[in-house]
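The data block below is data.pdb; it holds PDB, C-alpha atoms and all ligand atoms.
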```pdb
ATOM      1  CA  VAL A 229      73.558 105.228  84.620
ATOM      2  CA  GLU A 230      69.952 104.166  84.642
ATOM      3  CA  ARG A 231      69.336 100.894  82.781
ATOM      4  CA  ASN A 232      66.447 100.439  80.378
ATOM      5  CA  ARG A 233      63.643  98.236  81.634
ATOM      6  CA  LEU A 234      61.610  95.825  79.558
ATOM      7  CA  LEU A 235      57.841  96.023  79.947
ATOM      8  CA  ILE A 236      55.843  93.023  78.752
ATOM      9  CA  VAL A 237      52.473  94.216  77.456
ATOM     10  CA  GLY A 238      49.703  91.834  78.502
ATOM     11  CA  ALA A 239      49.971  89.416  81.416
ATOM     12  CA  GLY A 240      48.075  86.351  80.219
ATOM     13  CA  ASP A 241      49.446  82.827  79.843
ATOM     14  CA  PHE A 242      51.585  83.689  76.802
ATOM     15  CA  ALA A 243      53.199  86.485  78.814
ATOM     16  CA  ARG A 244      54.863  83.876  81.029
ATOM     17  CA  GLU A 245      56.451  82.379  77.912
ATOM     18  CA  VAL A 246      57.537  85.822  76.720
ATOM     19  CA  LEU A 247      59.068  86.386  80.159
ATOM     20  CA  TRP A 248      60.927  83.089  79.845
ATOM     21  CA  CYS A 249      62.170  84.153  76.414
ATOM     22  CA  ALA A 250      63.360  87.495  77.826
ATOM     23  CA  GLU A 251      65.136  85.698  80.676
ATOM     24  CA  GLU A 252      67.052  83.582  78.149
ATOM     25  CA  ILE A 253      68.449  86.515  76.153
ATOM     26  CA  PRO A 254      72.091  86.825  77.240
ATOM     27  CA  ALA A 255      73.228  90.092  78.796
ATOM     28  CA  HIS A 256      75.483  91.051  75.875
ATOM     29  CA  ARG A 257      72.531  90.900  73.466
ATOM     30  CA  ARG A 258      70.236  93.304  75.310
ATOM     31  CA  ASP A 259      70.367  96.807  76.758
ATOM     32  CA  TRP A 260      67.482  96.279  79.191
ATOM     33  CA  ASP A 261      66.604  94.376  82.334
ATOM     34  CA  ILE A 262      63.203  92.870  82.937
ATOM     35  CA  GLY A 263      60.906  95.468  84.509
ATOM     36  CA  GLY A 264      57.444  93.947  84.711
ATOM     37  CA  PHE A 265      54.111  93.458  82.990
ATOM     38  CA  LEU A 266      51.367  95.873  81.995
ATOM     39  CA  ASP A 267      47.765  94.632  81.945
ATOM     40  CA  ASP A 268      44.413  96.365  81.884
ATOM     41  CA  ARG A 269      43.301  94.279  84.868
ATOM     42  CA  PRO A 270      46.435  94.655  86.978
ATOM     43  CA  GLU A 271      45.164  93.180  90.261
ATOM     44  CA  GLU A 272      43.743  90.039  88.623
ATOM     45  CA  ALA A 273      46.843  89.690  86.479
ATOM     46  CA  GLN A 274      49.133  90.013  89.501
ATOM     47  CA  ALA A 275      47.140  87.346  91.372
ATOM     48  CA  ARG A 276      47.310  85.015  88.335
ATOM     49  CA  MET A 277      51.036  85.515  88.036
ATOM     50  CA  ARG A 278      51.526  84.866  91.735
ATOM     51  CA  ASP A 279      49.423  81.664  91.473
ATOM     52  CA  SER A 280      51.667  80.569  88.596
ATOM     53  CA  GLY A 281      54.763  81.158  90.704
ATOM     54  CA  VAL A 282      55.907  84.298  88.863
ATOM     55  CA  SER A 283      57.214  87.094  91.070
ATOM     56  CA  VAL A 284      57.786  89.717  88.339
ATOM     57  CA  PRO A 285      55.392  92.611  89.127
ATOM     58  CA  VAL A 286      52.402  93.859  87.153
ATOM     59  CA  LEU A 287      53.184  97.570  87.119
ATOM     60  CA  GLY A 288      49.901  99.017  85.902
ATOM     61  CA  LYS A 289      47.368  99.318  83.111
ATOM     62  CA  ILE A 290      48.233  99.428  79.428
ATOM     63  CA  GLY A 291      45.446 101.841  78.577
ATOM     64  CA  ASP A 292      46.714 104.895  80.433
ATOM     65  CA  TYR A 293      50.426 104.031  80.497
ATOM     66  CA  GLN A 294      52.734 106.911  79.625
ATOM     67  CA  PRO A 295      56.026 105.512  78.296
ATOM     68  CA  GLN A 296      59.147 106.688  80.163
ATOM     69  CA  VAL A 297      62.579 107.366  78.667
ATOM     70  CA  HIS A 298      64.093 104.090  79.886
ATOM     71  CA  ASP A 299      61.106 101.891  79.024
ATOM     72  CA  ARG A 300      61.405  99.273  76.316
ATOM     73  CA  PHE A 301      58.357  97.294  75.220
ATOM     74  CA  ILE A 302      57.422  93.876  73.883
ATOM     75  CA  CYS A 303      53.879  92.611  73.423
ATOM     76  CA  ALA A 304      52.591  89.280  74.747
ATOM     77  CA  ILE A 305      49.151  89.433  73.111
ATOM     78  CA  GLY A 306      48.516  86.724  70.511
ATOM     79  CA  ALA A 307      45.287  87.919  68.862
ATOM     80  CA  PRO A 308      46.473  90.107  65.959
ATOM     81  CA  GLN A 309      43.720  92.734  66.010
ATOM     82  CA  THR A 310      44.125  93.428  69.741
ATOM     83  CA  LYS A 311      47.912  93.249  69.508
ATOM     84  CA  LEU A 312      48.030  95.841  66.710
ATOM     85  CA  MET A 313      45.585  98.165  68.431
ATOM     86  CA  VAL A 314      47.482  98.065  71.722
ATOM     87  CA  CYS A 315      50.988  98.281  70.209
ATOM     88  CA  GLU A 316      50.247 101.015  67.705
ATOM     89  CA  THR A 317      48.526 103.100  70.398
ATOM     90  CA  LEU A 318      51.531 102.704  72.708
ATOM     91  CA  ALA A 319      53.911 103.520  69.842
ATOM     92  CA  GLU A 320      51.977 106.738  69.130
ATOM     93  CA  ARG A 321      52.555 107.669  72.778
ATOM     94  CA  GLY A 322      56.286 107.221  72.219
ATOM     95  CA  ALA A 323      56.800 103.608  73.297
ATOM     96  CA  VAL A 324      60.001 102.042  71.937
ATOM     97  CA  PHE A 325      59.517  98.379  71.028
ATOM     98  CA  VAL A 326      62.442  95.971  70.950
ATOM     99  CA  ASN A 327      62.730  92.537  69.358
ATOM    100  CA  LEU A 328      63.036  89.385  71.439
ATOM    101  CA  VAL A 329      65.005  86.914  69.371
ATOM    102  CA  HIS A 330      65.771  83.762  71.329
ATOM    103  CA  PRO A 331      69.384  82.529  71.033
ATOM    104  CA  THR A 332      68.159  79.330  69.333
ATOM    105  CA  ALA A 333      66.166  81.305  66.710
ATOM    106  CA  ALA A 334      67.779  82.165  63.382
ATOM    107  CA  VAL A 335      67.460  84.985  60.838
ATOM    108  CA  GLY A 336      68.989  84.409  57.407
ATOM    109  CA  PRO A 337      71.022  86.819  55.266
ATOM    110  CA  ARG A 338      69.280  89.847  53.710
ATOM    111  CA  SER A 339      66.185  89.345  55.825
ATOM    112  CA  HIS A 340      64.651  92.237  57.702
ATOM    113  CA  LEU A 341      62.746  92.280  60.984
ATOM    114  CA  GLY A 342      60.575  95.221  62.028
ATOM    115  CA  HIS A 343      60.250  96.147  65.705
ATOM    116  CA  GLY A 344      58.275  94.473  68.471
ATOM    117  CA  VAL A 345      59.022  91.075  66.906
ATOM    118  CA  ILE A 346      59.184  87.917  69.011
ATOM    119  CA  MET A 347      61.086  84.884  67.765
ATOM    120  CA  TRP A 348      60.694  82.160  70.345
ATOM    121  CA  ARG A 349      62.724  78.943  70.583
ATOM    122  CA  TYR A 350      63.934  77.603  67.212
ATOM    123  CA  ALA A 351      61.822  80.017  65.166
ATOM    124  CA  THR A 352      63.494  80.406  61.767
ATOM    125  CA  VAL A 353      63.388  83.192  59.212
ATOM    126  CA  SER A 354      65.135  82.236  55.979
ATOM    127  CA  THR A 355      66.872  84.534  53.473
ATOM    128  CA  ASN A 356      65.444  87.664  51.809
ATOM    129  CA  VAL A 357      62.407  87.652  54.072
ATOM    130  CA  VAL A 358      60.520  90.729  55.247
ATOM    131  CA  ILE A 359      58.965  90.506  58.705
ATOM    132  CA  GLY A 360      56.849  93.507  59.749
ATOM    133  CA  ASN A 361      56.334  95.111  63.162
ATOM    134  CA  PHE A 362      54.703  93.267  66.077
ATOM    135  CA  VAL A 363      55.005  89.869  64.414
ATOM    136  CA  THR A 364      55.010  86.898  66.795
ATOM    137  CA  LEU A 365      56.793  83.700  65.759
ATOM    138  CA  ASN A 366      56.157  81.003  68.321
ATOM    139  CA  CYS A 367      58.498  78.051  68.834
ATOM    140  CA  TYR A 368      59.562  76.184  65.674
ATOM    141  CA  ALA A 369      57.623  78.551  63.384
ATOM    142  CA  SER A 370      59.388  78.822  60.039
ATOM    143  CA  VAL A 371      59.259  81.498  57.329
ATOM    144  CA  GLY A 372      60.775  80.511  53.988
ATOM    145  CA  HIS A 373      62.925  82.451  51.507
ATOM    146  CA  ASP A 374      61.470  85.612  49.939
ATOM    147  CA  ALA A 375      58.299  85.489  52.037
ATOM    148  CA  VAL A 376      56.595  88.617  53.422
ATOM    149  CA  VAL A 377      54.849  88.652  56.799
ATOM    150  CA  GLU A 378      53.120  91.979  57.396
ATOM    151  CA  ASP A 379      52.567  93.822  60.693
ATOM    152  CA  GLY A 380      50.843  92.093  63.575
ATOM    153  CA  CYS A 381      50.783  88.517  62.261
ATOM    154  CA  THR A 382      50.903  85.691  64.793
ATOM    155  CA  LEU A 383      52.377  82.337  63.795
ATOM    156  CA  SER A 384      51.630  79.702  66.417
ATOM    157  CA  ALA A 385      54.055  76.905  67.229
ATOM    158  CA  HIS A 386      55.262  74.769  64.281
ATOM    159  CA  CYS A 387      53.704  76.942  61.564
ATOM    160  CA  ASP A 388      55.311  76.784  58.145
ATOM    161  CA  VAL A 389      55.178  79.761  55.785
ATOM    162  CA  THR A 390      57.037  78.579  52.684
ATOM    163  CA  GLY A 391      59.003  80.465  50.015
ATOM    164  CA  HIS A 392      57.508  83.569  48.368
ATOM    165  CA  ALA A 393      54.330  83.322  50.460
ATOM    166  CA  HIS A 394      52.708  86.592  51.569
ATOM    167  CA  LEU A 395      50.767  87.158  54.774
ATOM    168  CA  GLY A 396      48.811  90.420  54.923
ATOM    169  CA  ARG A 397      48.464  92.519  58.054
ATOM    170  CA  GLY A 398      47.173  90.770  61.184
ATOM    171  CA  VAL A 399      46.972  87.185  59.944
ATOM    172  CA  PHE A 400      46.613  84.512  62.643
ATOM    173  CA  MET A 401      47.898  80.981  61.983
ATOM    174  CA  GLY A 402      46.917  78.182  64.378
ATOM    175  CA  THR A 403      49.434  75.603  65.443
ATOM    176  CA  HIS A 404      50.938  73.430  62.657
ATOM    177  CA  ALA A 405      49.293  75.439  59.867
ATOM    178  CA  ALA A 406      51.171  75.720  56.576
ATOM    179  CA  ILE A 407      51.151  78.108  53.604
ATOM    180  CA  LEU A 408      52.397  76.648  50.326
ATOM    181  CA  PRO A 409      54.928  78.474  48.110
ATOM    182  CA  GLY A 410      53.734  81.788  46.737
ATOM    183  CA  ALA A 411      50.296  81.633  48.402
ATOM    184  CA  ARG A 412      48.745  84.906  49.607
ATOM    185  CA  ILE A 413      46.708  85.404  52.757
ATOM    186  CA  GLY A 414      44.538  88.522  53.032
ATOM    187  CA  SER A 415      44.655  90.834  56.059
ATOM    188  CA  PHE A 416      43.088  89.672  59.318
ATOM    189  CA  SER A 417      42.372  86.181  58.093
ATOM    190  CA  THR A 418      42.747  83.124  60.324
ATOM    191  CA  VAL A 419      44.251  79.825  59.208
ATOM    192  CA  GLY A 420      43.011  76.998  61.458
ATOM    193  CA  ALA A 421      45.334  74.650  63.278
ATOM    194  CA  GLY A 422      46.836  71.993  61.025
ATOM    195  CA  SER A 423      45.370  73.559  57.868
ATOM    196  CA  ILE A 424      47.249  73.932  54.592
ATOM    197  CA  VAL A 425      46.670  76.903  52.292
ATOM    198  CA  LEU A 426      47.410  76.100  48.650
ATOM    199  CA  ARG A 427      47.013  79.428  46.847
ATOM    200  CA  ARG A 428      44.955  82.339  48.104
ATOM    201  CA  VAL A 429      42.767  83.459  51.016
ATOM    202  CA  ALA A 430      40.753  86.687  50.826
ATOM    203  CA  GLU A 431      40.720  89.263  53.654
ATOM    204  CA  GLY A 432      39.013  88.610  56.962
ATOM    205  CA  LEU A 433      38.228  84.933  56.416
ATOM    206  CA  THR A 434      38.718  81.835  58.541
ATOM    207  CA  VAL A 435      39.967  78.877  56.549
ATOM    208  CA  LEU A 436      40.257  75.281  57.726
ATOM    209  CA  GLY A 437      41.376  71.885  56.603
ATOM    210  CA  VAL A 438      43.586  70.345  53.924
ATOM    211  CA  PRO A 439      43.303  72.007  51.519
ATOM    212  CA  ALA A 440      42.099  75.003  53.567
ATOM    213  CA  LYS A 441      38.562  76.164  52.736
ATOM    214  CA  PRO A 442      36.630  79.123  54.177
ATOM    215  CA  ILE A 443      33.965  78.542  56.868
TER     216      ILE A 443
HETATM  217  C1  LIG B 501      39.975  77.812  63.190
HETATM  218  C2  LIG B 501      39.447  78.050  64.571
HETATM  219  C3  LIG B 501      39.831  79.468  65.011
HETATM  220  C4  LIG B 501      37.957  77.898  64.542
HETATM  221  O1  LIG B 501      37.426  78.108  65.809
HETATM  222  P1  LIG B 501      35.836  78.268  65.991
HETATM  223  O2  LIG B 501      35.355  79.385  65.112
HETATM  224  O3  LIG B 501      35.588  78.327  67.461
HETATM  225  O4  LIG B 501      35.249  76.958  65.339
HETATM  226  P2  LIG B 501      34.642  75.640  66.031
HETATM  227  O5  LIG B 501      35.578  75.072  67.052
HETATM  228  O6  LIG B 501      33.253  75.951  66.420
HETATM  229  O7  LIG B 501      34.646  74.659  64.784
HETATM  230  C5  LIG B 501      33.823  74.869  63.645
HETATM  231  C6  LIG B 501      33.940  73.649  62.753
HETATM  232  O8  LIG B 501      35.258  73.618  62.159
HETATM  233  C7  LIG B 501      35.949  72.412  62.534
HETATM  234  N1  LIG B 501      37.330  72.795  62.819
HETATM  235  C8  LIG B 501      37.749  73.645  63.786
HETATM  236  N2  LIG B 501      39.066  73.817  63.709
HETATM  237  C9  LIG B 501      39.524  73.066  62.703
HETATM  238  C10 LIG B 501      40.797  72.852  62.141
HETATM  239  N3  LIG B 501      41.871  73.457  62.629
HETATM  240  N4  LIG B 501      40.893  72.022  61.087
HETATM  241  C11 LIG B 501      39.804  71.431  60.571
HETATM  242  N5  LIG B 501      38.546  71.597  61.055
HETATM  243  C12 LIG B 501      38.400  72.400  62.114
HETATM  244  C13 LIG B 501      35.218  71.897  63.755
HETATM  245  O9  LIG B 501      35.346  70.506  63.880
HETATM  246  C14 LIG B 501      33.799  72.321  63.480
HETATM  247  O10 LIG B 501      33.253  71.414  62.537
HETATM  248  P3  LIG B 501      31.670  70.998  62.600
HETATM  249  O11 LIG B 501      30.930  72.296  62.408
HETATM  250  O12 LIG B 501      31.559  70.037  61.469
HETATM  251  O13 LIG B 501      31.486  70.422  63.955
HETATM  252  C15 LIG B 501      40.075  77.050  65.582
HETATM  253  O14 LIG B 501      39.500  75.757  65.476
HETATM  254  C16 LIG B 501      41.566  76.909  65.431
HETATM  255  O15 LIG B 501      42.100  76.109  64.661
HETATM  256  N6  LIG B 501      42.286  77.717  66.234
HETATM  257  C17 LIG B 501      43.708  77.713  66.327
HETATM  258  C18 LIG B 501      44.106  77.543  67.794
HETATM  259  C19 LIG B 501      45.590  77.499  67.930
HETATM  260  O16 LIG B 501      46.288  76.785  67.245
HETATM  261  N7  LIG B 501      46.110  78.287  68.830
HETATM  262  C20 LIG B 501      47.518  78.330  69.015
HETATM  263  C21 LIG B 501      47.870  78.362  70.444
HETATM  264  S1  LIG B 501      47.512  79.908  71.097
END
```
Full structure transcribed into structure tokens:
Amino acid sequence: VERNRLLIVGAGDFAREVLWCAEEIPAHRRDWDIGGFLDDRPEEAQARMRDSGVSVPVLGKIGDYQPQVHDRFICAIGAPQTKLMVCETLAERGAVFVNLVHPTAAVGPRSHLGHGVIMWRYATVSTNVVIGNFVTLNCYASVGHDAVVEDGCTLSAHCDVTGHAHLGRGVFMGTHAAILPGARIGSFSTVGAGSIVLRRVAEGLTVLGVPAKPI
């Protein structure tokens, strides 16, 4: 029987961490083996990987890739807009995205994860949470009870989304950013590193500081 192979979409620096995450998923919790990376600059990406000591191959471009029956996908792009564009285009071509949930990560009861979700080391999703597709939770990111995180959001390391908070589509949170209980962040907004959102951020804004204010 042919085994499924995992393709990591994007071969930048974060892709090496995603590879590490994939390598740490035990065999009984996956139905794929690591296949390689896709990147729109395959030769450069391969050289970069080689320089970083990674021998996993860059198999080709993302742009013209035609998903095969045994391909499984996960995306290693952090920027939400690019991530959504790339993933949704691949999904329209038939790509099947899996979730990479590290063994140290936790998902509470009655919570739901979409597909293409990454939960890296010690990421925590509490109870009754909804996590959309292509959401990236970096190490130690935490999502509190009853929160909603829509498609394509990226939570950098140590982010804290507290209870009943709502992140719209494609929100980016810098490292150590926090969203207070019940606060709402509009689609494609960015919360700067270390910033704390008290109540509400409109769509497409960048907010910074404590309390977070638009720039
Ligand atoms: C919010 C952010 C995107 C802004 O980037 P930018 O548009 O390039 O802004 P600049 O660096 O030019 O900074 C603009 C101003 O905001 C201030 N500022 C930038 N980031 C800030 C932050 N997180 N908190 C408070 N102030 C901040 C700068 O000091 C500067 O102030 P000044 O105009 O008085 O000098 C960026 O600073 C940030 O926080 N990125 C998150 C990075 C991250 O955590 N990545 C995770 C690992 S991948």
TODO: Write out as a count of residues only which residues come within 7 Å of segment 421-424 of chain A when counting only C-alpha atoms, dropping same-chain ones fewer than 2 positions away.
DONE: 14
TODO: Return the single residue from A:Gly291, A:Gly432, A:Gly344, A:Gly281 that is closest to Arg321 of chain A, with distances computed using all atoms listed in the file.
DONE: A:Gly291
Task: Output check: residues returned by the PyMOL selection byres (((chain A and resi 258) around 10) and not hetatm), as a ChimeraX atom specification - done: /A:232,234,250,253-257,259-261,326-328
Open item on the list: Translate the PyMOL selection byres (((chain A and resi 263) around 6) and not hetatm) into a concrete residue list for this structure, as a PyMOL selection string.
Closed with: chain A and resi 233-235+262+264
Dump C-alpha atoms for the selected residues as a compact mmCIF listing (two decimals), keeping the file's coordinate frame?
```
# COMPACT_ATOMS: atom_id res chain seq x y z
CA ARG A 233 63.64 98.24 81.63
CA LEU A 234 61.61 95.82 79.56
CA LEU A 235 57.84 96.02 79.95
CA ILE A 262 63.20 92.87 82.94
CA GLY A 264 57.44 93.95 84.71
```
TODO: Evaluate the PyMOL selection byres (((chain A and resi 384) around 8) and not hetatm) and record the selected residues as JSON, numbers by chain, following the chain and residue labels used in the document.
DONE: {"A": [364, 365, 366, 367, 369, 382, 383, 385, 386, 387, 400, 401, 402, 403, 404]}
Task: Distance in Å - atom N1 of ligand LIG 501 (chain B) versus atom CA of Ser417 of chain A - done: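 Answer for the atom N1 of ligand LIG 501 (chain B) to atom CA of Ser417 of chain A separation: 15.1 Å.
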Task: Length of the atom N6 of ligand LIG 501 (chain B) to atom CA of Ile305 of chain A vector [Å] - done: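 Answer for the atom N6 of ligand LIG 501 (chain B) to atom CA of Ile305 of chain A separation: 15.2 Å.
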Open item on the list: Counting all atoms listed in the file, which residue out of A:Asn356, A:Gly306, A:Tyr293, A:Val286 sits closest to ligand LIG 501 (chain B)?
Closed with: A:Gly306
